[in-house]
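K.L.:
First the structure, which I've put down as structure tokens, then a few questions once you've had a look.
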Amino acid sequence: MDGHSGTAAEPTPDEVAAAARLLADASDVTLLAHVNPDADALGSALALGRALRARGARVRVSFGHPAEVPASLPMLDADGLIVPAAVVPAAAPLLVVCDAGSLQRLGALADRVRTTIDAGGSVLVVDHHVANPRFGTHHVIDETAVATVVLVLRLLDELGAPLDLPIARCLYAGLVTDSGRFRRATAATHLMAARLLEAGVDPDALTRSLMDTHPFAWLPMLSEVLGRAALEPAAAQGLGLVHAEVRLAQSGDVRSEELDGVIDIVRTTAEAEVSVVLKELAADRWSVSLRADSKVDVGAAASLCGGGGHRLAAGFTADGSADDVLDSVRAALEQAPLLG
């Protein structure tokens with residue numbers, strides 16, 4: 001694995017150039033998104049995959065779980081690059097991992113990293129998560145980037161790849177979702193968005209299909225979950241915690257990606273700095289999402305619970321009762337660093 005010659009925050013020009021050379025020379029490329037892929041993960045893989053296919057490479061895109069593409073994302077795959085996890089080669093000549101902050105985030109495909117390296121292949125990790133452990137042979141990692149698609153565009157520019165509409169649509173999807181509809185945007189984020197709009201992206205239509213469309217079953221589920229939400233003003237070092245649980249009995253008719261959106265409603269609570277949603281995966285097994293407004297490092301809290309993520313958005317998986325899991329969250333939040 002390569003040594004890191006720059007800061008922990010961003011890749012050096014040499015790292016970006018080396019990654020671009022690796023991509024330019026590739027004739028067979030497998031790109032992986034993390035499990036339960038979102039628009040940033042899948043958009044990153046598909047945008048880069050389309051550009052490499054145009055250069056003549058054989059390209060496949062996949063993810064470890066679920067078996068189907070999330071319902072809001074198929075329109076990003078203009079070229080039919082997505083393949084089932086079962087057909088991903090055991091050892092690819094070049095494996096590109098997009099938006100996965102840890103090896104575990106690849107799920108059933110995590111073993112492809114080691115088998116590829118052992119077979120003499122290369123693994124390029126493109127990511128923006130703070131705690132990425134750098135598990136590849138090459139890395140383009142920038143914890144200051146608002147989304148992984150920002151780094152993909154940098155690689156595409158280094159390659160001299162044209163920014164056509166299908167690529168721009170993939171990049172915009174990742175940018176608008178991971179920036180929280182541009183609430184966490186910088187000036188550079190808006191400049192990138194302008195390039196994508198100039199390439200032909202329809203921001204209203206794309207954002208509506210990604211973030212503003214839900215099946216009717218989402219409404220009664222949301223009503224029941226929010227009706228049982230609880231506010232703890234003294235928690236999170238006195239800054240306030242709001243939490244809710246999504247039980248299996250409530251989620252049977254609702255897609256996983258719809259459930260993931262519950263945290264965005266819960267986090268609007270004015271009296272709470274930190275918002276937490278527990279999603280029941282099986283009996284006494286939970287997927288936990290944490291969000292902070294601006295003052296608590298929930299990434300550090302999630303790390304104490306065995307997970308990770310960004311300073312203001314993180315998560316983990318845990319076993320036990322809901323009360324036990326919430327107790328661990330409360331304890332971790334009391335130890336989490338406060339942000340300036």
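Ligands are numbered from 1 in the order shown, chains are lettered A, B, ... in the order of the structure tokens, and residues start at 1 in each chain.
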Give one line per residue of segment 148-215 of chain A that approaches segment 86-100 of chain A to at most 9 Å, naming the two atoms of the closest pair and their distance in Å to one decimal, counting only C-alpha atoms; sort by chain then ascending residue number and deliver it as a Markdown table.
P.N.:
```
| residue | atom | partner | partner_atom | distance |
| --- | --- | --- | --- | --- |
| A:Thr148 | CA | A:Asp99 | CA | 5.8 |
| A:Val149 | CA | A:Asp99 | CA | 8.7 |
| A:Val152 | CA | A:Cys98 | CA | 9.0 |
```
K.L.:
Using only C-alpha atoms, which protein or nucleic acid residues come within 8 Å of Gln250 of chain A? Drop anything in the same chain fewer than 2 positions from it, and give the result as a list in words.
P.N.:
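Contacts, with the query itself left out: Met221, Glu224, Val225, Val246, Arg247, Leu248, Gly252 and Asp253 of chain A.
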K.L.:
Write the selection just made, keeping all heavy atoms, as a PDB file, in the first residue's frame?
P.N.:
```
ATOM      1  N   MET A 221     -45.982   5.345   8.076  1.00  0.00           N
ATOM      2  CA  MET A 221     -44.791   4.925   8.813  1.00  0.00           C
ATOM      3  C   MET A 221     -44.188   6.116   9.542  1.00  0.00           C
ATOM      4  O   MET A 221     -43.889   6.057  10.749  1.00  0.00           O
ATOM      5  CB  MET A 221     -43.767   4.323   7.850  1.00  0.00           C
ATOM      6  CG  MET A 221     -42.452   3.893   8.495  1.00  0.00           C
ATOM      7  SD  MET A 221     -41.231   5.228   8.759  1.00  0.00           S
ATOM      8  CE  MET A 221     -40.930   5.762   7.073  1.00  0.00           C
ATOM      9  N   GLU A 224     -46.240   7.274  12.604  1.00  0.00           N
ATOM     10  CA  GLU A 224     -46.104   6.421  13.787  1.00  0.00           C
ATOM     11  C   GLU A 224     -44.748   6.603  14.456  1.00  0.00           C
ATOM     12  O   GLU A 224     -44.644   6.679  15.682  1.00  0.00           O
ATOM     13  CB  GLU A 224     -46.318   4.960  13.396  1.00  0.00           C
ATOM     14  CG  GLU A 224     -46.406   4.025  14.580  1.00  0.00           C
ATOM     15  CD  GLU A 224     -46.824   2.624  14.190  1.00  0.00           C
ATOM     16  OE1 GLU A 224     -47.171   2.401  13.006  1.00  0.00           O
ATOM     17  OE2 GLU A 224     -46.793   1.742  15.069  1.00  0.00           O
ATOM     18  N   VAL A 225     -43.692   6.683  13.654  1.00  0.00           N
ATOM     19  CA  VAL A 225     -42.346   6.844  14.208  1.00  0.00           C
ATOM     20  C   VAL A 225     -42.207   8.182  14.928  1.00  0.00           C
ATOM     21  O   VAL A 225     -41.708   8.258  16.058  1.00  0.00           O
ATOM     22  CB  VAL A 225     -41.292   6.714  13.091  1.00  0.00           C
ATOM     23  CG1 VAL A 225     -39.907   7.143  13.602  1.00  0.00           C
ATOM     24  CG2 VAL A 225     -41.235   5.279  12.579  1.00  0.00           C
ATOM     25  N   VAL A 246     -37.409   3.132  14.395  1.00  0.00           N
ATOM     26  CA  VAL A 246     -38.193   2.559  13.307  1.00  0.00           C
ATOM     27  C   VAL A 246     -38.195   1.051  13.493  1.00  0.00           C
ATOM     28  O   VAL A 246     -37.177   0.392  13.291  1.00  0.00           O
ATOM     29  CB  VAL A 246     -37.616   2.926  11.926  1.00  0.00           C
ATOM     30  CG1 VAL A 246     -38.496   2.351  10.818  1.00  0.00           C
ATOM     31  CG2 VAL A 246     -37.492   4.435  11.782  1.00  0.00           C
ATOM     32  N   ARG A 247     -39.323   0.519  13.907  1.00  0.00           N
ATOM     33  CA  ARG A 247     -39.438  -0.912  14.169  1.00  0.00           C
ATOM     34  C   ARG A 247     -39.743  -1.677  12.890  1.00  0.00           C
ATOM     35  O   ARG A 247     -40.313  -1.134  11.936  1.00  0.00           O
ATOM     36  CB  ARG A 247     -40.547  -1.162  15.192  1.00  0.00           C
ATOM     37  CG  ARG A 247     -40.288  -0.543  16.560  1.00  0.00           C
ATOM     38  CD  ARG A 247     -39.350  -1.399  17.374  1.00  0.00           C
ATOM     39  NE  ARG A 247     -39.101  -0.836  18.706  1.00  0.00           N
ATOM     40  CZ  ARG A 247     -38.452  -1.490  19.656  1.00  0.00           C
ATOM     41  NH1 ARG A 247     -37.994  -2.716  19.434  1.00  0.00           N
ATOM     42  NH2 ARG A 247     -38.242  -0.924  20.832  1.00  0.00           N
ATOM     43  N   LEU A 248     -39.356  -2.942  12.872  1.00  0.00           N
ATOM     44  CA  LEU A 248     -39.636  -3.780  11.703  1.00  0.00           C
ATOM     45  C   LEU A 248     -41.117  -3.798  11.365  1.00  0.00           C
ATOM     46  O   LEU A 248     -41.491  -3.773  10.187  1.00  0.00           O
ATOM     47  CB  LEU A 248     -39.138  -5.209  11.957  1.00  0.00           C
ATOM     48  CG  LEU A 248     -37.647  -5.455  11.793  1.00  0.00           C
ATOM     49  CD1 LEU A 248     -37.293  -6.865  12.260  1.00  0.00           C
ATOM     50  CD2 LEU A 248     -37.220  -5.267  10.340  1.00  0.00           C
ATOM     51  N   GLY A 252     -42.349  -2.614   7.089  1.00  0.00           N
ATOM     52  CA  GLY A 252     -42.503  -3.709   6.139  1.00  0.00           C
ATOM     53  C   GLY A 252     -42.817  -3.296   4.727  1.00  0.00           C
ATOM     54  O   GLY A 252     -42.369  -3.919   3.767  1.00  0.00           O
ATOM     55  N   ASP A 253     -43.590  -2.213   4.539  1.00  0.00           N
ATOM     56  CA  ASP A 253     -43.997  -1.786   3.205  1.00  0.00           C
ATOM     57  C   ASP A 253     -43.189  -0.601   2.698  1.00  0.00           C
ATOM     58  O   ASP A 253     -43.555   0.019   1.700  1.00  0.00           O
ATOM     59  CB  ASP A 253     -45.491  -1.414   3.216  1.00  0.00           C
ATOM     60  CG  ASP A 253     -46.384  -2.607   3.516  1.00  0.00           C
ATOM     61  OD1 ASP A 253     -46.016  -3.729   3.121  1.00  0.00           O
ATOM     62  OD2 ASP A 253     -47.426  -2.411   4.174  1.00  0.00           O
TER      63      ASP A 253
END
```
K.L.:
Near Ala108 of chain A, within 12 Å and counting only C-alpha atoms, which residues show up once chain neighbours fewer than 5 positions away are dropped, as a ChimeraX atom specification?
P.N.:
/A:32-36,62-67,84-86,88,90,103,113
K.L.:
Please, which residues of segment 119-286 of chain A, numbered as in this document, come out helix (DSSP H, G or I) from DSSP, as a PyMOL selection string?
P.N.:
chain A and resi 148-159+165-178+187-198+203-211+218-227+235-238+248-251+256-260+262-266
K.L.:
Please give the complete set of residues from segment 121-275 of chain A that DSSP, run on the backbone, assigns to strand (DSSP E or B), formatted as a ChimeraX atom specification.
P.N.:
/A:122-127,138-141,230-232,241-246,274-275
K.L.:
Using only C-alpha atoms, which protein or nucleic acid residues come within 10 Å of Ser179 of chain A? Drop anything in the same chain fewer than 6 positions from it, and give the result as a list in words.
P.N.:
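My reading of the contact set: Asp40, Ala145, Val146, Ala147, Ala185, Thr186 and Thr189 of chain A.
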K.L.:
Generate a file of the selected residues that holds all heavy atoms, formatted as a CSV table (one decimal), in the first residue's frame.
P.N.:
```
chain,number,residue,atom,x,y,z
A,40,ASP,N,-24.2,9.6,-3.8
A,40,ASP,CA,-22.8,10.0,-3.8
A,40,ASP,C,-22.0,8.8,-4.2
A,40,ASP,O,-21.1,8.8,-5.1
A,40,ASP,CB,-22.3,10.6,-2.5
A,40,ASP,CG,-20.9,11.2,-2.6
A,40,ASP,OD1,-20.6,11.6,-3.7
A,40,ASP,OD2,-20.2,11.2,-1.6
A,145,ALA,N,-13.7,17.5,1.4
A,145,ALA,CA,-14.6,17.5,0.3
A,145,ALA,C,-16.0,17.2,0.8
A,145,ALA,O,-16.3,16.3,1.6
A,145,ALA,CB,-14.2,16.4,-0.7
A,146,VAL,N,-17.0,18.0,0.2
A,146,VAL,CA,-18.4,17.8,0.7
A,146,VAL,C,-19.0,16.5,0.2
A,146,VAL,O,-19.9,16.0,0.8
A,146,VAL,CB,-19.2,19.0,0.2
A,146,VAL,CG1,-19.4,18.9,-1.3
A,146,VAL,CG2,-20.6,19.1,0.9
A,147,ALA,N,-18.4,15.9,-0.8
A,147,ALA,CA,-18.9,14.6,-1.4
A,147,ALA,C,-17.8,14.0,-2.2
A,147,ALA,O,-16.8,14.6,-2.6
A,147,ALA,CB,-20.1,14.9,-2.3
A,185,ALA,N,-22.7,23.6,1.6
A,185,ALA,CA,-21.9,23.9,0.4
A,185,ALA,C,-20.8,25.0,0.7
A,185,ALA,O,-21.0,25.9,1.6
A,185,ALA,CB,-22.8,24.4,-0.7
A,186,THR,N,-19.7,24.9,0.0
A,186,THR,CA,-18.7,26.0,0.0
A,186,THR,C,-18.8,26.7,-1.4
A,186,THR,O,-19.6,26.3,-2.2
A,186,THR,CB,-17.3,25.4,0.1
A,186,THR,OG1,-17.1,24.6,-1.0
A,186,THR,CG2,-17.2,24.6,1.4
A,189,THR,N,-18.2,24.3,-4.0
A,189,THR,CA,-19.4,23.4,-4.3
A,189,THR,C,-20.3,24.1,-5.3
A,189,THR,O,-20.7,23.4,-6.3
A,189,THR,CB,-20.2,23.2,-3.0
A,189,THR,OG1,-19.3,22.8,-2.0
A,189,THR,CG2,-21.2,22.1,-3.2
```
K.L.:
With only C-alpha atoms as the atoms that count, which of A:Ala20, A:Ala39, A:Leu151, A:Val130 lies nearest to Gly309 of chain A?
P.N.:
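Counting only C-alpha atoms, the residue closest to Gly309 of chain A is A:Val130.
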K.L.:
By how many Å are atom CA of Arg58 of chain A and atom CA of Glu198 of chain A apart?
P.N.:
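Atom CA of Glu198 of chain A lies 28.7 Å from atom CA of Arg58 of chain A.
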K.L.:
Of the candidates A:Val298, A:Leu106, A:Ala205, A:Ala229, which shows the shortest atom-to-atom distance to Phe316 of chain A, using only C-alpha atoms?
P.N.:
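Answer, going by the shortest atom-to-atom distance: A:Val298.
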K.L.:
Which residues, written as a PyMOL selection string, have at least one atom at most 8 Å from Leu210 of chain A, with only C-alpha atoms counted and residues fewer than 3 positions away on the same chain left out?
P.N.:
chain A and resi 72-73+173+206-207+213
K.L.:
Could you please take those selected residues and save N, CA, C and O atoms as a compact mmCIF listing (two decimals), in the first residue's frame?
P.N.:
```txt
# COMPACT_ATOMS: atom_id res chain seq x y z
N SER A 72 -34.61 5.22 -6.20
CA SER A 72 -34.42 6.59 -6.68
C SER A 72 -33.19 6.75 -7.56
O SER A 72 -32.95 7.84 -8.09
N LEU A 73 -32.41 5.67 -7.76
CA LEU A 73 -31.11 5.83 -8.43
C LEU A 73 -30.94 5.16 -9.79
O LEU A 73 -29.92 5.43 -10.46
N ALA A 173 -26.11 14.48 -8.63
CA ALA A 173 -26.88 13.69 -7.66
C ALA A 173 -26.11 13.53 -6.36
O ALA A 173 -26.66 13.69 -5.26
N LEU A 206 -34.14 16.37 -11.20
CA LEU A 206 -33.24 15.40 -10.57
C LEU A 206 -33.42 15.40 -9.05
O LEU A 206 -33.52 14.33 -8.42
N THR A 207 -33.48 16.56 -8.44
CA THR A 207 -33.62 16.63 -7.00
C THR A 207 -34.97 16.09 -6.55
O THR A 207 -35.07 15.41 -5.52
N THR A 213 -39.64 12.54 -3.48
CA THR A 213 -40.67 11.61 -3.93
C THR A 213 -40.66 10.38 -3.03
O THR A 213 -39.62 9.75 -2.86
```
K.L.:
Check the smallest atom-to-atom distance from each of A:Gly240, A:Gly136, A:Gly227, A:Gly320 to Ser122 of chain A using only C-alpha atoms, then report the winner.
P.N.:
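Comparing A:Gly240, A:Gly136, A:Gly227, A:Gly320 against Ser122 of chain A, the winner is A:Gly136.
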K.L.:
Return the single residue from A:Ile82, A:Ala300, A:Leu175, A:Ala161 that is closest to Ala188 of chain A, with distances computed using only C-alpha atoms.
P.N.:
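That would be A:Leu175, the residue with the smallest distance to Ala188 of chain A.
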K.L.:
What is the atom CA of Glu245 of chain A to atom CA of Arg181 of chain A distance in Å?
P.N.:
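Atom CA of Glu245 of chain A sits 24.9 Å away from atom CA of Arg181 of chain A.
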K.L.:
Might you pull out every residue within 10 Å of Gly299 of chain A, with only C-alpha atoms counted and same-chain residues fewer than 3 positions away left off, and present them as a PyMOL selection string?
P.N.:
chain A and resi 129-131+290-292+296+302-305+307-316+333+336-337
K.L.:
Have a look at atom CA of Thr144 of chain A and atom CA of Val274 of chain A and let me know their distance in Å, one decimal.
P.N.:
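Taking atom CA of Thr144 of chain A as the start and atom CA of Val274 of chain A as the end point, the length is 21.4 Å.
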K.L.:
Find the spatial neighbours of Glu232 of chain A, counting only C-alpha atoms, within a cut-off of 12 Å - ignore same-chain residues fewer than 2 positions away - and output them as a PyMOL selection string.
P.N.:
chain A and resi 229-230+234-244+269+271-276+326+330
K.L.:
So which one's closest to Arg169 of chain A, A:Asn132, A:Ile263, A:Ala199, A:Ser328? Using only C-alpha atoms, please.
P.N.:
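Once distances to Arg169 of chain A are computed over only C-alpha atoms, the minimum belongs to A:Ala199.
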K.L.:
Pick the closest to Asp25 of chain A from A:Leu81, A:His190, A:Glu143, A:Leu159: which is it, counting only C-alpha atoms?
P.N.:
A:Leu159
